[in-house]
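Written below as structure tokens is the structure these notes are about.
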Amino acid sequence: LTKIDRNGKAIFTYSELSYGKIETVDAGNSFKIMLFYREHGIIRFLDNSLSDRAIAPLDLNNKGHAMPSLVCTSYDNGIWVWDQAIMSLTRYDQTGNLTVNIDHVNRLCDMDLSPVKLLENGARLLLIDTDVAYEFDLYGAYIRRIDLDRGQNVQLNGDLLFYTKGDTIHSLDLGKYVERTLVLPISNARALHAGNGLLVALDHSGISAYAYDDE
């Protein structure tokens with residue numbers, strides 16, 4: 001894992017081979033960066049210099065998870081976990097105590113689920129499947145289904161949901177349910193991140209950042 005500055009210069013690196021491939025990096029809190037090693041069901045935390053924080057790794061297998069496949073950070077330093085084996089959503093607080101658990105989420109959504117991403121921002125939790133997002137509140141209550149028309153690289157920032165489709169980037173206001181197409185000088189973005197008024201995209205030419213508004 002490498003952290004770069006605004007000029008694209010590498011300033012910090014981190015490597016840990018004991019747990020295999022890093023599946024997810026969540027840097028929503030830059031002073032408590034979360035790494036998820038899916039193969040071993042392990043979550044580790046780094047500080048803003050990519051050094052290990054004085055926090056013991058969280059072993060999701062020891063928490064009773066048979067197939068933890070997705071994780072994301074939550075408010076007050078909590079963590080959400082999606083367990084594909086029983087299609088459950090579970091939230092732990094910063095000390096690892098269970099605060100929310102919903103089994104058989106597929107029954108709430110009335111769909112078989114194979115989600116690819118889990119996101120929390122503001123008052124929303126999104127479970128992203130192939131071409132649809134399922135919205136929950138921060139207590140795990142199911143709210144609605146949001147069709148994405150096979151959108152990819154989904155990101156959430158407040159009421160704004162961003163996704164790519166082909167060579168375009170779409171912005172969907174979940175409060176007003178108004179959609180816009182963003183015209184940016186990039187094509188076929190491979191990854192997307194939204195936050196602090198910036199849309200950061202990765203394409204074949206590198207990383208680019210663009211300012212956006214929510215109007």
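Order determines the names: the first chain of the structure tokens is A, the second B, and so forth; residues in each chain are numbered 1 upward, and ligands are numbered 1 upward as they are shown.
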
Test item, alpha helix (DSSP H) assignment across range 78-148 of chain A, answer as a ChimeraX atom specification = /A:105-109

request  = Pick out each residue of range 21-108 of chain A that DSSP on the backbone tags as strand (DSSP E or B); I need them as a PyMOL selection string.
outcome  = chain A and resi 24-26+33-37+42-46+52+58-59+68-74+78-83+88-92+98-102

key: Gly78 in chain A surroundings by only C-alpha atoms, 8 Å radius, close-in-sequence under 6 positions cut, as a list in words   =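 Close residues of Gly78 in chain A: Arg91, Tyr92, Asp93 and Gln94 of chain A.
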
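Comparing the minimum interatomic distances between Leu138 in chain A and each of A:Tyr177, A:Ile79, A:Asp112, A:Ser30, counting only C-alpha atoms, we find that A:Ile79 sits nearest.
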
key: Contacts of His193 in chain A at 10 Å (only C-alpha atoms; same-chain gap of 3+ positions) as a list in words   =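 Here the answer would be Asn153, Val154, Gln155, Leu156, Asn157, Phe162, Tyr163, Leu198, Leu199, Val200, Ala201, Leu202 and Ala209 of chain A.
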
ask   = Could you work out how far CA of Asp129 in chain A lies from CA of Leu113 in chain A, giving the answer in Å with one decimal?
value =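 Straight-line distance from CA of Leu113 in chain A to CA of Asp129 in chain A works out to 6.9 Å.
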
query = Which of these residues is nearest to Trp80 in chain A, using only C-alpha atoms: A:Gly140, A:Gly28, A:Pro115, A:Gly64?
reply =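 Among the listed residues, the smallest separation from Trp80 in chain A belongs to A:Gly140.
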
query = Which residues, written as a list of chain:residue names, have at least one atom at most 7 Å from Arg124 in chain A, with only C-alpha atoms counted and residues fewer than 5 positions away on the same chain left out?
reply =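 After dropping sequence-adjacent residues, the list is A:Glu135, A:Phe136, A:Asp137, A:Leu138.
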
Would you put the residues from that selection into a file with N, CA, C and O atoms, as a PDB file, in the first residue's frame?
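New file result_7.pdb:
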```pdb
ATOM      1  N   GLU A 135     -30.498   0.479  -0.031  1.00  0.00           N
ATOM      2  CA  GLU A 135     -30.233   1.491   0.984  1.00  0.00           C
ATOM      3  C   GLU A 135     -30.807   1.077   2.329  1.00  0.00           C
ATOM      4  O   GLU A 135     -31.946   0.603   2.430  1.00  0.00           O
ATOM      5  N   PHE A 136     -30.005   1.294   3.377  1.00  0.00           N
ATOM      6  CA  PHE A 136     -30.395   1.034   4.759  1.00  0.00           C
ATOM      7  C   PHE A 136     -30.094   2.275   5.590  1.00  0.00           C
ATOM      8  O   PHE A 136     -29.265   3.106   5.195  1.00  0.00           O
ATOM      9  N   ASP A 137     -30.750   2.394   6.745  1.00  0.00           N
ATOM     10  CA  ASP A 137     -30.356   3.457   7.660  1.00  0.00           C
ATOM     11  C   ASP A 137     -29.222   2.947   8.549  1.00  0.00           C
ATOM     12  O   ASP A 137     -28.755   1.812   8.403  1.00  0.00           O
ATOM     13  N   LEU A 138     -28.756   3.770   9.459  1.00  0.00           N
ATOM     14  CA  LEU A 138     -27.584   3.416  10.258  1.00  0.00           C
ATOM     15  C   LEU A 138     -27.894   2.400  11.344  1.00  0.00           C
ATOM     16  O   LEU A 138     -26.975   1.952  12.045  1.00  0.00           O
TER      17      LEU A 138
END
```

message = Would you pick out the contacts of Phe36 in chain A at 10 Å or less, using only C-alpha atoms, so that residues sharing its chain but fewer than 2 positions from it are not included, and give the list as a ChimeraX atom specification?
response = /A:19,21-26,34,38-45,57-58,68-72

For the selection you just gave me, I'd like the residues written to a file as a tab-separated table (two decimals), in the first residue's frame, keeping N, CA and C atoms.
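The new file again10.tsv reads:
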```tsv
chain	number	residue	atom	x	y	z
A	19	TYR	N	-1.10	-11.91	5.85
A	19	TYR	CA	-2.53	-12.10	5.68
A	19	TYR	C	-2.97	-12.17	4.23
A	21	LYS	N	-3.58	-10.96	0.28
A	21	LYS	CA	-3.93	-9.77	-0.50
A	21	LYS	C	-4.84	-8.83	0.28
A	22	ILE	N	-4.58	-7.53	0.15
A	22	ILE	CA	-5.48	-6.52	0.72
A	22	ILE	C	-6.70	-6.42	-0.20
A	23	GLU	N	-7.87	-6.73	0.33
A	23	GLU	CA	-9.09	-6.67	-0.48
A	23	GLU	C	-9.68	-5.27	-0.51
A	24	THR	N	-9.65	-4.58	0.64
A	24	THR	CA	-10.30	-3.28	0.75
A	24	THR	C	-9.42	-2.33	1.56
A	25	VAL	N	-9.33	-1.08	1.08
A	25	VAL	CA	-8.72	0.00	1.84
A	25	VAL	C	-9.78	1.07	2.05
A	26	ASP	N	-10.05	1.42	3.29
A	26	ASP	CA	-11.02	2.47	3.60
A	26	ASP	C	-10.29	3.57	4.36
A	34	MET	N	-8.44	1.69	7.40
A	34	MET	CA	-8.82	0.29	7.59
A	34	MET	C	-8.39	-0.56	6.39
A	38	ARG	N	-9.52	-10.26	3.05
A	38	ARG	CA	-10.67	-11.14	2.92
A	38	ARG	C	-10.32	-12.62	3.10
A	39	GLU	N	-9.17	-13.04	2.57
A	39	GLU	CA	-8.81	-14.46	2.63
A	39	GLU	C	-8.77	-14.97	4.06
A	40	HIS	N	-8.35	-14.13	4.98
A	40	HIS	CA	-8.21	-14.55	6.38
A	40	HIS	C	-9.24	-13.91	7.30
A	41	GLY	N	-10.11	-13.07	6.74
A	41	GLY	CA	-11.13	-12.42	7.57
A	41	GLY	C	-10.55	-11.49	8.62
A	42	ILE	N	-9.45	-10.81	8.26
A	42	ILE	CA	-8.74	-9.95	9.21
A	42	ILE	C	-8.89	-8.49	8.81
A	43	ILE	N	-9.12	-7.63	9.82
A	43	ILE	CA	-9.13	-6.18	9.64
A	43	ILE	C	-7.99	-5.60	10.47
A	44	ARG	N	-7.16	-4.76	9.82
A	44	ARG	CA	-6.08	-4.06	10.51
A	44	ARG	C	-6.27	-2.55	10.33
A	45	PHE	N	-5.61	-1.78	11.20
A	45	PHE	CA	-5.74	-0.32	11.16
A	45	PHE	C	-4.37	0.33	11.11
A	57	PRO	N	-5.54	-6.40	15.60
A	57	PRO	CA	-6.34	-6.76	14.43
A	57	PRO	C	-7.66	-7.38	14.85
A	58	LEU	N	-8.69	-7.13	14.07
A	58	LEU	CA	-10.01	-7.71	14.34
A	58	LEU	C	-10.17	-8.95	13.48
A	68	PRO	N	-17.02	-13.58	5.67
A	68	PRO	CA	-17.04	-12.11	5.59
A	68	PRO	C	-16.41	-11.68	4.27
A	69	SER	N	-17.19	-11.00	3.44
A	69	SER	CA	-16.70	-10.67	2.11
A	69	SER	C	-16.59	-9.17	1.85
A	70	LEU	N	-17.34	-8.35	2.61
A	70	LEU	CA	-17.30	-6.90	2.43
A	70	LEU	C	-17.26	-6.22	3.79
A	71	VAL	N	-16.53	-5.11	3.86
A	71	VAL	CA	-16.51	-4.31	5.09
A	71	VAL	C	-16.47	-2.83	4.71
A	72	CYS	N	-16.88	-1.98	5.62
A	72	CYS	CA	-16.67	-0.54	5.46
A	72	CYS	C	-16.67	0.10	6.84
```

Fewer than 3 positions away in the same chain doesn't count, so skip those; otherwise give me all residues within 12 Å of Ile207 in chain A, counting only C-alpha atoms, as a PDB file with N, CA and C atoms, in the first residue's frame.
```pdb
ATOM      1  N   ILE A   4       0.495   8.678  -1.674  1.00  0.00           N
ATOM      2  CA  ILE A   4       1.179   9.669  -2.487  1.00  0.00           C
ATOM      3  C   ILE A   4       0.700  11.063  -2.123  1.00  0.00           C
ATOM      4  N   ASP A   5       1.537  12.062  -2.388  1.00  0.00           N
ATOM      5  CA  ASP A   5       1.141  13.438  -2.111  1.00  0.00           C
ATOM      6  C   ASP A   5       0.451  14.036  -3.336  1.00  0.00           C
ATOM      7  N   ARG A   6       0.152  15.333  -3.269  1.00  0.00           N
ATOM      8  CA  ARG A   6      -0.580  15.986  -4.358  1.00  0.00           C
ATOM      9  C   ARG A   6       0.191  16.001  -5.673  1.00  0.00           C
ATOM     10  N   ASN A   7       1.494  15.837  -5.585  1.00  0.00           N
ATOM     11  CA  ASN A   7       2.317  15.850  -6.790  1.00  0.00           C
ATOM     12  C   ASN A   7       2.586  14.452  -7.338  1.00  0.00           C
ATOM     13  N   GLY A   8       1.941  13.454  -6.734  1.00  0.00           N
ATOM     14  CA  GLY A   8       2.115  12.088  -7.200  1.00  0.00           C
ATOM     15  C   GLY A   8       3.360  11.404  -6.663  1.00  0.00           C
ATOM     16  N   PRO A 185     -12.752  15.324 -18.565  1.00  0.00           N
ATOM     17  CA  PRO A 185     -11.798  14.955 -19.619  1.00  0.00           C
ATOM     18  C   PRO A 185     -11.083  13.632 -19.355  1.00  0.00           C
ATOM     19  N   ILE A 186     -11.844  12.603 -19.019  1.00  0.00           N
ATOM     20  CA  ILE A 186     -11.294  11.269 -18.833  1.00  0.00           C
ATOM     21  C   ILE A 186     -12.236  10.282 -19.509  1.00  0.00           C
ATOM     22  N   SER A 187     -11.778   9.067 -19.686  1.00  0.00           N
ATOM     23  CA  SER A 187     -12.642   8.046 -20.278  1.00  0.00           C
ATOM     24  C   SER A 187     -12.386   6.711 -19.604  1.00  0.00           C
ATOM     25  N   ALA A 189     -13.106   5.299 -16.597  1.00  0.00           N
ATOM     26  CA  ALA A 189     -12.475   5.320 -15.272  1.00  0.00           C
ATOM     27  C   ALA A 189     -12.483   3.928 -14.656  1.00  0.00           C
ATOM     28  N   ARG A 190     -11.349   3.538 -14.086  1.00  0.00           N
ATOM     29  CA  ARG A 190     -11.221   2.232 -13.458  1.00  0.00           C
ATOM     30  C   ARG A 190     -11.587   2.277 -11.979  1.00  0.00           C
ATOM     31  N   ALA A 191     -11.521   3.450 -11.383  1.00  0.00           N
ATOM     32  CA  ALA A 191     -11.867   3.615  -9.971  1.00  0.00           C
ATOM     33  C   ALA A 191     -12.274   5.057  -9.745  1.00  0.00           C
ATOM     34  N   LEU A 192     -13.077   5.256  -8.693  1.00  0.00           N
ATOM     35  CA  LEU A 192     -13.653   6.570  -8.423  1.00  0.00           C
ATOM     36  C   LEU A 192     -13.710   6.771  -6.918  1.00  0.00           C
ATOM     37  N   HIS A 193     -13.477   8.016  -6.486  1.00  0.00           N
ATOM     38  CA  HIS A 193     -13.645   8.355  -5.074  1.00  0.00           C
ATOM     39  C   HIS A 193     -14.205   9.763  -4.975  1.00  0.00           C
ATOM     40  N   LEU A 199     -13.869  14.946  -6.823  1.00  0.00           N
ATOM     41  CA  LEU A 199     -14.108  13.658  -7.462  1.00  0.00           C
ATOM     42  C   LEU A 199     -12.761  13.202  -8.012  1.00  0.00           C
ATOM     43  N   VAL A 200     -12.244  12.105  -7.462  1.00  0.00           N
ATOM     44  CA  VAL A 200     -10.930  11.592  -7.851  1.00  0.00           C
ATOM     45  C   VAL A 200     -11.144  10.343  -8.694  1.00  0.00           C
ATOM     46  N   ALA A 201     -10.586  10.344  -9.890  1.00  0.00           N
ATOM     47  CA  ALA A 201     -10.788   9.241 -10.827  1.00  0.00           C
ATOM     48  C   ALA A 201      -9.448   8.660 -11.266  1.00  0.00           C
ATOM     49  N   LEU A 202      -9.432   7.349 -11.444  1.00  0.00           N
ATOM     50  CA  LEU A 202      -8.265   6.648 -11.966  1.00  0.00           C
ATOM     51  C   LEU A 202      -8.606   6.099 -13.340  1.00  0.00           C
ATOM     52  N   ASP A 203      -7.820   6.481 -14.354  1.00  0.00           N
ATOM     53  CA  ASP A 203      -7.991   5.910 -15.680  1.00  0.00           C
ATOM     54  C   ASP A 203      -6.624   5.505 -16.226  1.00  0.00           C
ATOM     55  N   HIS A 204      -6.553   5.196 -17.509  1.00  0.00           N
ATOM     56  CA  HIS A 204      -5.318   4.681 -18.082  1.00  0.00           C
ATOM     57  C   HIS A 204      -4.161   5.673 -17.999  1.00  0.00           C
ATOM     58  N   TYR A 210     -11.120  16.444  -9.610  1.00  0.00           N
ATOM     59  CA  TYR A 210     -11.976  17.507 -10.139  1.00  0.00           C
ATOM     60  C   TYR A 210     -12.909  18.003  -9.037  1.00  0.00           C
TER      61      TYR A 210
END
```

query = Which value, in Å to one decimal, gives the distance between CA of Leu119 in chain A and CA of Gln84 in chain A?
reply =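 Here the two named atoms are 15.9 Å from each other.
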
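Across the model, the gap from CA of Ser88 in chain A to CA of Leu118 in chain A is 12.2 Å.
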
request  = For each of A:Leu161, A:Tyr37, A:Arg144, A:Leu60, take the minimum atom-to-atom distance to Ser18 in chain A, counting only C-alpha atoms, then give the residue where this is smallest.
outcome  =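 Of A:Leu161, A:Tyr37, A:Arg144, A:Leu60, the one nearest Ser18 in chain A is A:Tyr37, counting only C-alpha atoms.
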
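Using only C-alpha atoms, the smallest distance between any of A:Asp159, A:Asp59, A:Asp167, A:Asp83 and Leu125 in chain A comes from A:Asp159.
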